[in-house]
>>> print(open('coords-v7.csv').read())   # CSV, C-alpha atoms and all ligand atoms
chain,number,residue,atom,x,y,z
N,785,MET,CA,-11.0,71.8,-13.0
N,786,THR,CA,-13.1,69.8,-10.6
N,787,HIS,CA,-11.9,66.5,-9.2
N,788,PHE,CA,-14.7,64.1,-8.2
N,789,LEU,CA,-13.7,62.0,-5.2
N,790,ASP,CA,-17.2,60.8,-4.0
N,791,HIS,CA,-17.5,57.5,-5.9
N,792,ALA,CA,-19.0,55.7,-2.9
N,793,ALA,CA,-22.0,58.1,-3.1
N,794,THR,CA,-22.5,57.8,-6.8
N,795,MET,CA,-20.4,57.7,-10.0
N,796,PRO,CA,-20.7,59.2,-13.5
N,797,MET,CA,-22.7,56.9,-15.8
N,798,ARG,CA,-20.4,54.8,-18.1
N,799,GLN,CA,-20.7,55.5,-21.8
N,800,VAL,CA,-21.6,51.9,-22.5
N,801,ALA,CA,-24.5,52.3,-20.1
N,802,ILE,CA,-25.7,55.5,-21.7
N,803,ASP,CA,-25.5,53.8,-25.1
N,804,ALA,CA,-27.5,50.8,-23.9
N,805,TRP,CA,-30.0,53.1,-22.2
N,806,VAL,CA,-30.5,55.3,-25.3
N,807,THR,CA,-30.7,52.3,-27.6
N,808,HIS,CA,-33.6,50.8,-25.6
N,809,ALA,CA,-35.3,54.0,-24.4
N,810,GLN,CA,-38.3,53.3,-26.7
N,811,ALA,CA,-38.8,49.7,-25.4
N,812,LEU,CA,-42.4,49.1,-24.5
N,813,ASN,CA,-44.0,47.0,-21.8
N,814,PRO,CA,-42.1,43.6,-21.6
N,815,GLY,CA,-45.2,42.1,-20.1
N,816,SER,CA,-47.2,42.6,-23.3
N,817,GLN,CA,-47.9,39.6,-25.6
N,818,TYR,CA,-47.7,41.4,-29.0
N,819,GLY,CA,-44.6,41.9,-31.1
N,820,SER,CA,-43.2,45.1,-29.5
N,821,GLY,CA,-43.8,43.7,-26.0
N,822,ARG,CA,-41.9,40.5,-27.0
N,823,GLN,CA,-39.1,42.6,-28.3
N,824,ALA,CA,-38.8,44.5,-25.0
N,825,ARG,CA,-39.0,41.2,-23.2
N,826,SER,CA,-36.1,39.8,-25.2
N,827,VAL,CA,-33.9,42.8,-24.3
N,828,LEU,CA,-34.9,42.4,-20.6
N,829,ASP,CA,-34.2,38.6,-20.7
N,830,THR,CA,-30.7,39.2,-22.2
N,831,ALA,CA,-29.9,41.8,-19.5
N,832,ARG,CA,-31.2,39.5,-16.8
N,833,GLU,CA,-29.1,36.6,-18.0
N,834,ARG,CA,-26.0,38.7,-18.3
N,835,ILE,CA,-26.4,40.2,-14.8
N,836,ALA,CA,-27.0,36.7,-13.4
N,837,GLU,CA,-23.9,35.3,-15.0
N,838,LEU,CA,-21.7,38.2,-13.8
N,839,LEU,CA,-23.0,37.8,-10.2
N,840,GLY,CA,-23.0,34.0,-10.0
N,841,ALA,CA,-26.8,33.8,-9.8
N,842,ASP,CA,-29.6,32.2,-11.9
N,843,PRO,CA,-31.6,34.6,-14.1
N,844,ILE,CA,-34.8,33.9,-12.1
N,845,GLU,CA,-33.0,35.0,-8.9
N,846,VAL,CA,-32.4,38.6,-10.4
N,847,ILE,CA,-35.1,41.0,-9.3
N,848,PHE,CA,-35.0,44.5,-10.8
N,849,THR,CA,-35.7,47.3,-8.3
N,850,ALA,CA,-35.8,51.1,-8.3
N,851,SER,CA,-32.8,51.5,-6.0
N,852,GLY,CA,-30.4,49.8,-3.6
N,853,THR,CA,-32.6,51.2,-0.9
N,854,GLU,CA,-35.7,49.5,-2.3
N,855,ALA,CA,-33.8,46.2,-2.6
N,856,ASP,CA,-32.8,46.4,1.1
N,857,ASN,CA,-36.3,47.2,2.2
N,858,LEU,CA,-37.9,44.4,0.2
N,859,ALA,CA,-35.4,41.9,1.5
N,860,VAL,CA,-35.4,42.8,5.2
N,861,THR,CA,-39.2,43.4,5.5
N,862,GLY,CA,-40.1,40.5,3.3
N,863,LEU,CA,-37.8,38.0,5.0
N,864,TYR,CA,-39.0,39.1,8.4
N,865,ALA,CA,-42.6,38.7,7.3
N,866,ALA,CA,-41.8,35.2,6.0
N,867,SER,CA,-40.4,34.0,9.3
N,868,PRO,CA,-42.3,33.0,12.5
N,869,LEU,CA,-39.4,34.4,14.6
N,870,ASP,CA,-39.3,37.9,16.0
N,871,ARG,CA,-35.6,38.6,16.2
N,872,ILE,CA,-33.3,40.3,13.7
N,873,ILE,CA,-29.5,40.3,13.9
N,874,THR,CA,-27.7,43.1,12.1
N,875,THR,CA,-24.8,45.5,12.7
N,876,PRO,CA,-24.6,49.1,14.1
N,877,ILE,CA,-22.8,50.2,10.9
N,878,GLU,CA,-25.5,49.4,8.3
N,879,HIS,CA,-26.7,52.0,5.9
N,880,PRO,CA,-30.0,53.5,6.9
N,881,ALA,CA,-31.7,51.5,4.1
N,882,VAL,CA,-31.1,48.4,6.2
N,883,LEU,CA,-30.9,49.7,9.8
N,884,ALA,CA,-34.0,51.9,9.6
N,885,THR,CA,-35.9,49.1,7.9
N,886,VAL,CA,-34.9,46.6,10.6
N,887,ARG,CA,-36.0,49.1,13.3
N,888,ALA,CA,-39.3,49.6,11.4
N,889,THR,CA,-40.2,45.9,11.7
N,890,GLY,CA,-40.6,46.3,15.4
N,891,ALA,CA,-38.6,43.1,15.9
N,892,THR,CA,-36.1,42.5,18.7
N,893,VAL,CA,-32.8,43.7,17.3
N,894,ASP,CA,-29.4,42.3,18.2
N,895,LEU,CA,-26.3,44.1,16.9
N,896,LEU,CA,-23.1,42.2,16.0
N,897,PRO,CA,-20.2,44.1,17.6
N,898,VAL,CA,-17.7,46.0,15.5
N,899,ASP,CA,-14.0,46.5,16.3
N,900,ALA,CA,-11.8,49.6,16.1
N,901,GLY,CA,-11.2,49.0,12.4
N,902,GLY,CA,-14.9,49.0,11.7
N,903,HIS,CA,-15.1,45.2,11.1
N,904,VAL,CA,-17.7,42.8,12.6
N,905,HIS,CA,-15.6,40.5,14.8
N,906,ASP,CA,-17.7,38.5,17.1
N,907,LEU,CA,-20.4,36.2,15.6
N,908,SER,CA,-21.6,34.5,18.8
N,909,LEU,CA,-25.1,36.2,18.5
N,910,LEU,CA,-25.6,34.0,15.4
N,911,ASP,CA,-25.7,30.8,17.6
N,912,THR,CA,-29.3,31.5,18.3
N,913,PRO,CA,-31.8,31.4,15.4
N,914,ALA,CA,-33.4,34.6,14.1
N,915,ALA,CA,-35.9,35.7,11.4
N,916,LEU,CA,-32.9,37.0,9.5
N,917,VAL,CA,-29.4,38.4,9.6
N,918,ALA,CA,-28.7,41.6,7.7
N,919,CYS,CA,-25.1,42.6,7.1
N,920,MET,CA,-23.4,44.8,4.6
N,921,TRP,CA,-20.5,43.4,2.5
N,922,ALA,CA,-18.5,46.6,2.7
N,923,ASN,CA,-19.2,49.8,4.6
N,924,ASN,CA,-20.0,52.9,2.7
N,925,GLU,CA,-18.1,55.2,5.0
N,926,THR,CA,-14.9,53.4,6.0
N,927,GLY,CA,-14.8,50.9,3.2
N,928,ALA,CA,-14.3,48.1,5.7
N,929,ILE,CA,-15.0,44.7,4.2
N,930,GLN,CA,-17.1,42.5,6.4
N,931,PRO,CA,-16.7,38.7,7.0
N,932,VAL,CA,-20.0,37.9,5.1
N,933,ALA,CA,-18.9,34.4,4.1
N,934,SER,CA,-18.3,33.5,7.8
N,935,ILE,CA,-21.6,35.2,8.7
N,936,VAL,CA,-23.5,33.1,6.2
N,937,GLU,CA,-21.8,30.0,7.6
N,938,ALA,CA,-22.4,30.8,11.2
N,939,ALA,CA,-26.0,31.8,10.6
N,940,GLY,CA,-26.9,28.2,9.6
N,941,GLU,CA,-30.6,28.0,8.8
N,942,THR,CA,-31.2,31.7,9.5
N,943,PRO,CA,-31.7,33.6,6.2
N,944,VAL,CA,-29.0,36.2,5.5
N,945,HIS,CA,-29.4,39.4,3.6
N,946,VAL,CA,-26.2,41.0,2.3
N,947,ASP,CA,-26.2,44.7,1.3
N,948,ALA,CA,-23.6,44.6,-1.4
N,949,VAL,CA,-24.3,48.1,-2.7
N,950,GLN,CA,-20.7,49.2,-2.2
N,951,VAL,CA,-19.2,45.9,-3.5
N,952,ALA,CA,-21.0,45.3,-6.8
N,953,GLY,CA,-18.8,46.3,-9.6
N,954,ARG,CA,-15.8,46.8,-7.3
N,955,LEU,CA,-15.1,43.3,-6.0
N,956,PRO,CA,-16.0,39.9,-7.4
N,957,ILE,CA,-19.5,38.6,-6.3
N,958,ASP,CA,-20.6,35.0,-6.6
N,959,PHE,CA,-24.0,34.8,-5.1
N,960,HIS,CA,-24.3,31.0,-5.1
N,961,ALA,CA,-20.8,30.5,-3.6
N,962,LEU,CA,-21.6,33.0,-0.9
N,963,GLY,CA,-24.8,31.2,0.0
N,964,ALA,CA,-26.7,34.3,1.1
N,965,THR,CA,-30.5,34.3,0.8
N,966,THR,CA,-30.7,37.8,-0.7
N,967,LEU,CA,-28.2,40.4,-1.9
N,968,ALA,CA,-28.8,44.0,-2.8
N,969,ALA,CA,-26.9,46.1,-5.4
N,970,SER,CA,-27.3,49.6,-6.9
N,971,ALA,CA,-26.6,50.5,-10.5
N,972,HIS,CA,-25.4,54.0,-10.0
N,973,LYS,CA,-22.5,52.9,-7.7
N,974,PHE,CA,-20.9,51.0,-10.7
N,975,GLY,CA,-21.7,53.4,-13.5
N,976,GLY,CA,-25.2,52.4,-14.3
N,977,PRO,CA,-28.3,54.8,-14.1
N,978,ARG,CA,-29.4,56.3,-10.8
N,979,GLY,CA,-32.8,55.0,-9.6
N,980,ALA,CA,-32.1,51.4,-10.6
N,981,GLY,CA,-31.1,48.5,-8.3
N,982,LEU,CA,-31.0,44.7,-8.1
N,983,LEU,CA,-32.1,42.2,-5.5
N,984,LEU,CA,-30.7,38.7,-5.9
N,985,THR,CA,-33.2,36.4,-4.3
N,986,ARG,CA,-32.9,32.6,-3.8
N,987,ARG,CA,-36.0,30.6,-4.7
N,988,SER,CA,-36.4,29.6,-1.1
N,989,PRO,CA,-36.7,31.1,1.5
N,990,ALA,CA,-37.9,34.1,-0.5
N,991,PRO,CA,-39.1,37.4,1.0
N,992,LEU,CA,-42.8,37.8,1.2
N,993,PRO,CA,-44.1,40.6,-1.1
N,994,VAL,CA,-44.0,44.1,0.5
N,995,LEU,CA,-45.4,45.8,-2.6
N,996,HIS,CA,-48.6,44.5,-4.2
N,997,GLY,CA,-49.5,44.7,-7.9
N,998,GLY,CA,-49.3,42.9,-11.2
N,999,GLY,CA,-47.0,40.1,-10.0
N,1000,GLN,CA,-43.9,41.1,-12.0
N,1001,GLU,CA,-40.5,39.9,-10.7
N,1002,ARG,CA,-41.9,36.9,-8.9
N,1003,GLY,CA,-44.4,39.2,-7.1
N,1004,ILE,CA,-41.5,40.5,-5.1
N,1005,ARG,CA,-41.2,43.8,-7.0
N,1006,PRO,CA,-44.4,44.3,-9.0
N,1007,GLY,CA,-44.7,47.2,-11.5
N,1008,THR,CA,-44.0,47.6,-15.3
N,1009,LEU,CA,-40.3,47.0,-15.8
N,1010,ASP,CA,-37.8,49.6,-17.0
N,1011,VAL,CA,-36.1,47.8,-19.9
N,1012,ALA,CA,-33.7,50.6,-20.8
N,1013,SER,CA,-32.3,50.7,-17.3
N,1014,ALA,CA,-32.0,46.9,-17.2
N,1015,ALA,CA,-30.0,47.0,-20.4
N,1016,ALA,CA,-27.9,49.8,-19.0
N,1017,ILE,CA,-27.2,47.9,-15.7
N,1018,ALA,CA,-26.0,44.9,-17.6
N,1019,ALA,CA,-23.7,47.0,-19.8
N,1020,ALA,CA,-22.3,48.9,-16.8
N,1021,LEU,CA,-21.8,45.7,-14.8
N,1022,GLU,CA,-20.1,43.9,-17.6
N,1023,GLU,CA,-17.6,46.7,-18.1
N,1024,ALA,CA,-17.0,47.1,-14.4
N,1025,VAL,CA,-16.3,43.3,-14.0
N,1026,GLY,CA,-14.1,43.3,-17.1
N,1027,GLU,CA,-11.8,46.0,-15.7
N,1028,MET,CA,-12.1,45.0,-12.0
N,1029,ASP,CA,-8.7,43.3,-11.4
N,1030,ALA,CA,-6.8,46.1,-13.0
N,1031,GLU,CA,-8.9,48.7,-11.2
N,1032,ILE,CA,-8.4,47.1,-7.8
N,1033,LEU,CA,-4.6,47.4,-8.2
N,1034,ARG,CA,-4.7,50.9,-9.7
N,1035,LEU,CA,-7.1,52.4,-7.2
N,1036,SER,CA,-5.4,50.9,-4.1
N,1037,GLY,CA,-2.1,52.3,-5.4
N,1038,LEU,CA,-3.6,55.8,-5.8
N,1039,ARG,CA,-5.4,55.5,-2.5
N,1040,ASP,CA,-2.2,54.5,-0.6
N,1041,ARG,CA,-0.4,57.5,-2.2
N,1042,LEU,CA,-3.2,59.8,-1.1
N,1043,ARG,CA,-3.2,58.4,2.4
N,1044,SER,CA,0.6,58.7,2.9
N,1045,GLY,CA,0.7,62.1,1.3
N,1046,ILE,CA,-2.0,63.5,3.6
N,1047,CYS,CA,-0.4,61.9,6.7
N,1048,GLU,CA,2.9,63.6,5.7
N,1049,LEU,CA,1.5,67.0,5.0
N,1050,VAL,CA,-1.0,67.4,7.8
N,1051,PRO,CA,-0.4,66.9,11.6
N,1052,ASP,CA,-2.7,64.7,13.7
N,1053,VAL,CA,-4.6,62.8,11.1
N,1054,ILE,CA,-6.6,59.7,12.1
N,1055,VAL,CA,-7.2,57.2,9.4
N,1056,HIS,CA,-10.4,55.2,9.8
N,1057,THR,CA,-10.1,52.9,6.8
N,1058,ALA,CA,-8.5,49.7,8.0
N,1059,GLU,CA,-7.7,46.6,5.9
N,1060,PRO,CA,-9.5,44.6,4.6
N,1061,ALA,CA,-11.1,47.5,2.8
N,1062,LEU,CA,-12.4,48.6,-0.6
N,1063,PRO,CA,-9.5,49.6,-2.8
N,1064,GLY,CA,-10.8,53.1,-3.5
N,1065,HIS,CA,-11.8,54.1,0.0
N,1066,LEU,CA,-10.0,56.5,2.3
N,1067,HIS,CA,-11.9,57.8,5.4
N,1068,LEU,CA,-10.0,59.9,7.8
N,1069,SER,CA,-10.4,62.6,10.5
N,1070,PHE,CA,-8.7,65.9,11.1
N,1071,PRO,CA,-9.6,66.4,14.8
N,1072,GLY,CA,-10.3,70.1,15.7
N,1073,ALA,CA,-11.9,70.7,12.3
N,1074,GLU,CA,-15.6,70.3,11.4
N,1075,GLY,CA,-16.2,67.9,8.6
N,1076,ASP,CA,-18.7,70.2,6.9
N,1077,SER,CA,-16.1,73.1,6.9
N,1078,LEU,CA,-13.5,70.8,5.3
N,1079,ILE,CA,-15.9,69.7,2.6
N,1080,MET,CA,-16.8,73.3,1.8
N,1081,LEU,CA,-13.2,74.4,1.6
N,1082,LEU,CA,-12.3,71.4,-0.5
N,1083,ASP,CA,-15.2,72.2,-2.8
N,1084,GLN,CA,-13.9,75.8,-3.2
N,1085,ALA,CA,-10.5,74.3,-4.2
N,1086,GLY,CA,-12.3,72.1,-6.8
N,1087,ILE,CA,-12.2,68.8,-4.8
N,1088,GLU,CA,-15.6,67.0,-4.4
N,1089,ALA,CA,-15.6,64.8,-1.3
N,1090,SER,CA,-18.0,64.1,1.5
N,1091,THR,CA,-18.0,63.5,5.2
N,1092,GLY,CA,-19.3,60.0,4.9
N,1093,SER,CA,-22.8,58.8,4.4
N,1094,ALA,CA,-24.5,60.6,1.5
N,1095,CYS,CA,-27.7,60.5,3.5
N,1096,SER,CA,-26.4,62.4,6.5
N,1097,SER,CA,-24.4,65.1,4.7
N,1098,GLY,CA,-25.6,68.6,5.5
N,1099,VAL,CA,-26.4,67.4,9.1
N,1100,ASN,CA,-23.7,68.5,11.4
N,1101,ARG,CA,-23.2,65.5,13.7
N,1102,ALA,CA,-20.8,62.6,14.2
N,1103,SER,CA,-21.3,59.5,12.1
N,1104,ASP,CA,-22.9,56.5,13.8
N,1105,VAL,CA,-20.6,54.2,11.9
N,1106,LEU,CA,-17.5,55.9,13.5
N,1107,LEU,CA,-19.1,56.0,16.9
N,1108,ALA,CA,-19.8,52.3,16.7
N,1109,ALA,CA,-16.1,51.7,16.0
N,1110,GLY,CA,-15.3,53.5,19.2
N,1111,VAL,CA,-14.2,56.8,17.7
N,1112,SER,CA,-14.9,59.8,19.9
N,1113,ASP,CA,-17.5,62.4,18.9
N,1114,TYR,CA,-14.9,65.1,18.7
N,1115,VAL,CA,-12.7,63.0,16.2
N,1116,ALA,CA,-15.7,61.7,14.3
N,1117,ARG,CA,-17.0,65.2,13.6
N,1118,GLY,CA,-13.8,66.0,11.7
N,1119,ALA,CA,-14.2,63.2,9.2
N,1120,VAL,CA,-13.8,63.4,5.4
N,1121,ARG,CA,-14.2,60.5,3.0
N,1122,PHE,CA,-12.3,60.4,-0.3
N,1123,THR,CA,-13.6,57.6,-2.6
N,1124,LEU,CA,-11.7,57.0,-5.8
N,1125,GLY,CA,-13.0,55.6,-9.0
N,1126,ARG,CA,-12.5,55.0,-12.7
N,1127,GLU,CA,-11.7,58.6,-13.7
N,1128,THR,CA,-9.3,59.2,-10.7
N,1129,THR,CA,-5.7,59.6,-11.8
N,1130,ASP,CA,-2.4,60.7,-10.3
N,1131,GLU,CA,-3.4,64.2,-11.2
N,1132,THR,CA,-6.5,63.9,-8.9
N,1133,VAL,CA,-4.3,62.8,-6.0
N,1134,ASP,CA,-1.8,65.6,-6.7
N,1135,ALA,CA,-4.7,68.1,-6.7
N,1136,VAL,CA,-5.8,67.0,-3.2
N,1137,LEU,CA,-2.2,67.0,-1.8
N,1138,ALA,CA,-1.6,70.5,-3.2
N,1139,VAL,CA,-4.4,72.0,-1.0
N,1140,ILE,CA,-5.0,69.7,1.9
N,1141,ALA,CA,-2.6,71.3,4.4
N,1142,ASP,CA,-4.1,74.7,3.8
N,1143,VAL,CA,-7.7,73.5,3.9
N,1144,VAL,CA,-7.2,71.6,7.2
N,1145,SER,CA,-5.4,74.5,8.9
N,1146,ARG,CA,-8.2,76.9,7.8
N,1147,ALA,CA,-10.9,74.6,9.0
N,1148,ARG,CA,-9.1,74.1,12.3
N,1149,LEU,CA,-8.8,77.8,12.7
N,1150,ALA,CA,-12.6,78.1,12.2
N,1151,GLY,CA,-12.9,75.4,14.9
N,1152,MET,CA,-15.8,73.3,16.0
N,1153,ALA,CA,-19.4,74.5,15.8
N,1154,GLY,CA,-20.0,73.9,19.5
N,1201,LIG,N1,-26.6,50.5,1.0
N,1201,LIG,C1,-25.3,51.0,1.0
N,1201,LIG,C2,-24.2,50.4,1.7
N,1201,LIG,C3,-25.1,52.3,0.4
N,1201,LIG,O1,-23.9,52.8,0.4
N,1201,LIG,C4,-26.2,52.9,-0.3
N,1201,LIG,C5,-26.1,54.2,-1.0
N,1201,LIG,O2,-25.4,55.1,-0.5
N,1201,LIG,C6,-27.5,52.2,-0.3
N,1201,LIG,C7,-27.6,51.0,0.4
N,1201,LIG,C8,-28.7,52.8,-1.0
N,1201,LIG,O3,-28.5,52.7,-2.4
N,1201,LIG,P1,-29.4,53.6,-3.4
N,1201,LIG,O4,-28.7,54.9,-3.4
N,1201,LIG,O5,-29.4,52.9,-4.7
N,1201,LIG,O6,-30.8,53.7,-2.8
>>> encode(input="coords-v7.csv", output="structure tokens")
Amino acid sequence: MTHFLDHAATMPMRQVAIDAWVTHAQALNPGSQYGSGRQARSVLDTARERIAELLGADPIEVIFTASGTEADNLAVTGLYAASPLDRIITTPIEHPAVLATVRATGATVDLLPVDAGGHVHDLSLLDTPAALVACMWANNETGAIQPVASIVEAAGETPVHVDAVQVAGRLPIDFHALGATTLAASAHKFGGPRGAGLLLTRRSPAPLPVLHGGGQERGIRPGTLDVASAAAIAAALEEAVGEMDAEILRLSGLRDRLRSGICELVPDVIVHTAEPALPGHLHLSFPGAEGDSLIMLLDQAGIEASTGSACSSGVNRASDVLLAAGVSDYVARGAVRFTLGRETTDETVDAVLAVIADVVSRARLAGMAG
């Protein structure tokens, strides 16, 4: 039996999302004026309204995108283009969808410092205006929850983009209460389809268009809309929000048992996940072992986990997120991330605890790749 512990990378599609997707797979172009177009439009409108309500936004503020990555790109590049200023404030622990996009603008980049627990802790850079601030709500590797409300407050007139890809469907989101300018989410992280994302965008200031086309989605994300995916996103989000309170408690209990079990069974473990953190995240290092060896040995034992960022797996190097939190290269290279989700049970935790000591000692014997 295989145990999937990589929910921060993606998660199995929820049955409600599959059902909504299949039901509306034949929906035609919601931009057409004839009957079948109007029918598709009505499904799209219902999905948009439901998503808006679940995330504390107005329906017009919901922009459907093709991924979380696309939502981050449209927001960062578009807000930068909309501003006369040439400075962007972000953090060193952003996902590449934000950090690489920020770098690609050519703007002067200032990075908010991060403490040893992986949390942004000094907001003084926000005292000077910038074209935008981009900060994630929770980190995909460590799970560390960032002080986004304080960042929005301290930013004042500077627009703030929040990458909430790891938070949507896992913790409550109220876009209006948060006061951010834009917010990115990704459907496959909460049991919707892969290749479908959301950008919440206030009416003003709005990002300038980066893509050009038929003017759909307020011109911010032109292109014929995928109605079936929109319906599936709404169904997945609705179920995720409905079970959220119970899941937060259940997952944090399982995660705590996994952490204490590993720390008891294996010598010299360094835990990177520090509170406040996402309930299902556990990122730790086994110094002396190579992350990729650990992942391979776990895989052989039927446990699917990752070293951290989905995008950097397969590349044998220390994570920038851990280095930014002051972790040494040696320790960072022995990192493994377990992320729990809806199908995780006590049995999953037991399965990891049954093999972890042997896996780590074998990986430590194999040593570091030099
Ligand atoms: N931002 C964060 C924090 C992520 O964890 C991810 C995915 O790993 C993304 C953005 C990109 O989302 P997507 O996979 O939908 O492109």
>>> residues_around(input="coords-v7.csv", residues="range 806-812 of chain N", least_positions_apart="4", cutoff="7 Å", atoms="all atoms listed in the file", output="list in words")
Ile802, Ser820, Gly821, Ala824, Val1011 and Ala1012 of chain N
>>> residues_near_ligand(input="coords-v7.csv", ligand="ligand LIG 1201 (chain N)", cutoff="6 Å", atoms="only C-alpha atoms and all ligand atoms", output="list in words")
Ala793, Ser851, Gly852, Thr853, His879, Ala881, Asn923, Asn924, Asp947, Val949, Gln950, Ser970, Gly981 and Ala1094 of chain N
>>> closest_residue(input="coords-v7.csv", among="N:Gly1045, N:Gly819, N:Pro943, N:Gly997", to="Leu869 in chain N", atoms="only C-alpha atoms")
N:Pro943
>>> closest_residue(input="coords-v7.csv", among="N:Gly927, N:Gly1072, N:Gly940, N:Pro876", to="Asp911 in chain N", atoms="all atoms listed in the file")
N:Gly940
>>> axis_aligned_box(input="coords-v7.csv", around="range 933-952 of chain N", padding_each_side="4 Å", output="lines of an AutoDock Vina configuration file")
center_x = -25.0
center_y = 38.6
center_z = 2.2
size_x = 21.4
size_y = 29.2
size_z = 26.0
>>> atom_distance(input="coords-v7.csv", atom1="CA of Glu1127 in chain N", atom2="CA of Ala969 in chain N")
21.4 Å
>>> closest_residue(input="coords-v7.csv", among="N:Thr1132, N:Thr794, N:Ser1044, N:Thr1091", to="His1067 in chain N", atoms="all atoms listed in the file")
N:Thr1091
>>> atom_distance(input="coords-v7.csv", atom1="CA of Leu955 in chain N", atom2="CA of Val1025 in chain N")
8.1 Å
>>> closest_residue(input="coords-v7.csv", among="N:Ile844, N:Leu858, N:Leu982, N:Leu1124", to="Ile1032 in chain N", atoms="all atoms listed in the file")
N:Leu1124
>>> decode(input="coords-v7.csv", residues="range 891-935 of chain N", atoms="C-alpha atoms", output="PDB file, in the first residue's frame")
ATOM      1  CA  ALA N 891      12.945  46.357 -10.550  1.00  0.00           C
ATOM      2  CA  THR N 892      15.092  47.060  -7.517  1.00  0.00           C
ATOM      3  CA  VAL N 893      14.225  44.232  -5.138  1.00  0.00           C
ATOM      4  CA  ASP N 894      14.234  44.530  -1.343  1.00  0.00           C
ATOM      5  CA  LEU N 895      13.810  41.355   0.724  1.00  0.00           C
ATOM      6  CA  LEU N 896      12.033  41.302   4.082  1.00  0.00           C
ATOM      7  CA  PRO N 897      14.227  39.362   6.525  1.00  0.00           C
ATOM      8  CA  VAL N 898      13.184  35.942   7.808  1.00  0.00           C
ATOM      9  CA  ASP N 899      13.922  34.521  11.285  1.00  0.00           C
ATOM     10  CA  ALA N 900      15.156  31.028  12.222  1.00  0.00           C
ATOM     11  CA  GLY N 901      11.572  29.713  12.228  1.00  0.00           C
ATOM     12  CA  GLY N 902      11.081  30.831   8.624  1.00  0.00           C
ATOM     13  CA  HIS N 903       8.804  33.765   9.512  1.00  0.00           C
ATOM     14  CA  VAL N 904       9.092  37.307   8.150  1.00  0.00           C
ATOM     15  CA  HIS N 905       9.819  39.369  11.263  1.00  0.00           C
ATOM     16  CA  ASP N 906      11.024  42.872  10.440  1.00  0.00           C
ATOM     17  CA  LEU N 907       8.696  45.031   8.384  1.00  0.00           C
ATOM     18  CA  SER N 908      10.727  48.260   8.403  1.00  0.00           C
ATOM     19  CA  LEU N 909      11.385  48.079   4.645  1.00  0.00           C
ATOM     20  CA  LEU N 910       7.670  48.760   4.212  1.00  0.00           C
ATOM     21  CA  ASP N 911       8.100  52.294   5.576  1.00  0.00           C
ATOM     22  CA  THR N 912       9.204  53.461   2.112  1.00  0.00           C
ATOM     23  CA  PRO N 913       6.682  53.173  -0.780  1.00  0.00           C
ATOM     24  CA  ALA N 914       7.177  50.612  -3.547  1.00  0.00           C
ATOM     25  CA  ALA N 915       5.383  49.477  -6.711  1.00  0.00           C
ATOM     26  CA  LEU N 916       4.193  46.456  -4.768  1.00  0.00           C
ATOM     27  CA  VAL N 917       4.836  44.069  -1.924  1.00  0.00           C
ATOM     28  CA  ALA N 918       4.597  40.350  -2.658  1.00  0.00           C
ATOM     29  CA  CYS N 919       4.417  37.932   0.262  1.00  0.00           C
ATOM     30  CA  MET N 920       3.184  34.385   0.627  1.00  0.00           C
ATOM     31  CA  TRP N 921       0.588  33.600   3.291  1.00  0.00           C
ATOM     32  CA  ALA N 922       2.210  30.270   4.163  1.00  0.00           C
ATOM     33  CA  ASN N 923       5.449  28.765   2.963  1.00  0.00           C
ATOM     34  CA  ASN N 924       5.240  25.655   0.814  1.00  0.00           C
ATOM     35  CA  GLU N 925       8.355  24.028   2.333  1.00  0.00           C
ATOM     36  CA  THR N 926       8.208  24.753   6.065  1.00  0.00           C
ATOM     37  CA  GLY N 927       4.497  25.595   6.324  1.00  0.00           C
ATOM     38  CA  ALA N 928       5.386  28.801   8.241  1.00  0.00           C
ATOM     39  CA  ILE N 929       2.431  31.199   8.301  1.00  0.00           C
ATOM     40  CA  GLN N 930       3.507  34.753   7.503  1.00  0.00           C
ATOM     41  CA  PRO N 931       2.152  37.916   9.153  1.00  0.00           C
ATOM     42  CA  VAL N 932       0.246  38.988   6.027  1.00  0.00           C
ATOM     43  CA  ALA N 933      -2.304  41.140   7.874  1.00  0.00           C
ATOM     44  CA  SER N 934       0.508  43.169   9.494  1.00  0.00           C
ATOM     45  CA  ILE N 935       2.256  43.405   6.120  1.00  0.00           C
TER      46      ILE N 935
END
